[in-house]
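Report on the following structure.
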Amino acid sequence: MDFNMKKLASDAGIFFTRAVQFTEEKFGQAEKTELDAHFENLLARADSTKNWTERILRQTEVLLQPNPSARVEEFLYEKLDRKVPSRVTNGELLAQYMAEAASELGPDTPYGKTLIKVSEAEKRLGAAERDFIHTASLSFLTPLRNFLEGDWKTISKERRLLQNRRLDLDACKARLKKAKAAEAKATCEGDTVPDFQETRPRNYILSASASALWNDEVDKAEQELRVAQTEFDRQAEVTRLLLEGISSTHVNHLRCLHEFVKSQTTYYAQCYRHMLDLQKQLGRFPGTFVGTTEPASPPLSSTSPTTTAATMPVVPTGTGLAPPEEAALCLEEVAPPASGTRKARVLYDYEAADSSELALLADELITVYSLPGMDPDWLIGERGNKKGKVPVTYLELLS
């Protein structure tokens, strides 16, 4: 109990000394040991890394889970070290509602059949979203969170310890400075020749005694300063090594960012493929709504390469010529016009729906032209000896 009380009193004394030193520094009444410029740059870079990592982490969580209540629930499960329950995505929930609606409204009607097809596509979209969220959380969010909860806490702890060591060092410097000033004053008073005729010659003796006491105080302050300087230098080196490790953190985060972009690219590619397949299926449904009276894409004359490349392709659902069987026979006999042919670059892969269409590969060059009476959303494409219909939205006209 006695040992604990002594330790408590010592800790209280150290805390009080640091508080006094910190307060005097704030009011400009005490000198402060400044860190070198390189060390200050390391501190600034570490703070910036921590702040931006927090912002990126929070916004990525919003991107993956827009519902704030769900984010709070997941946070509580993580803090309690419990597994987060599986959550139905919005796409999967929409697919469920569409399937139930088709069952009740009639699965054999055109509307019911379309609902079933769309629900299947939405279910696949929901599954793709679930995989994306899982992959992004593991490859991107987890490393960022580990940095904030692991490495950064260690850095913050060592920085606080360095701040305490600096306060101790500056307090020792101030104590030594005061002791030397008092010693010099006592020495000056002790050099005065005493007048033994005075009634109080003991003043000289007291002055000499005070000078000796201040000498001991200076020696003690110098010893404490050497110890404080050693501890400060050691702690500064430890903190410097941790701060320099931020470069490795940047490399790790860069690799995680590449993984996040890869998973996001895969997710959107899956979504595009699912919707493209759905649109082809809906275009072949008998009795379904084909489209509006307006074309699904801008006319060829007003479509620039930039606009075409930035617009997601929409497969036209109407046929520009005759039925597929008849068109396949007629296309072989159709000769290209004497003028009006153009070169076009394919923007996206396209799988031919039937024998009247021409399959396309991204970035290949083909010759295209239009025939009188054709649907404006389609052109005739030629590649070598092969010929067939091609959707306009998959092309970038060159000349």
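Each chain in the structure tokens gets a letter, A, B, ..., in the order shown, and its residues are numbered from 1; ligands are numbered from 1 in order too.
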
Item checked: All residues 8 Å or closer to segment 98-106 of chain A, only C-alpha atoms, same chain fewer than 6 positions away omitted, as a PyMOL selection string -> chain A and resi 112-113+115-116+118-119

Item checked: All helix (DSSP H, G or I) positions in segment 40-100 of chain A, as a ChimeraX atom specification -> /A:40-64,68-79,90-100

Next item on the list: Identify, on the basis of only C-alpha atoms, every residue whose closest approach to Tyr348 of chain A does not exceed 7 Å; exclude the query and any residue fewer than 3 positions from it along the same chain; express the result as an NGL selection string.
Entry: :A and (361-362 or 394)
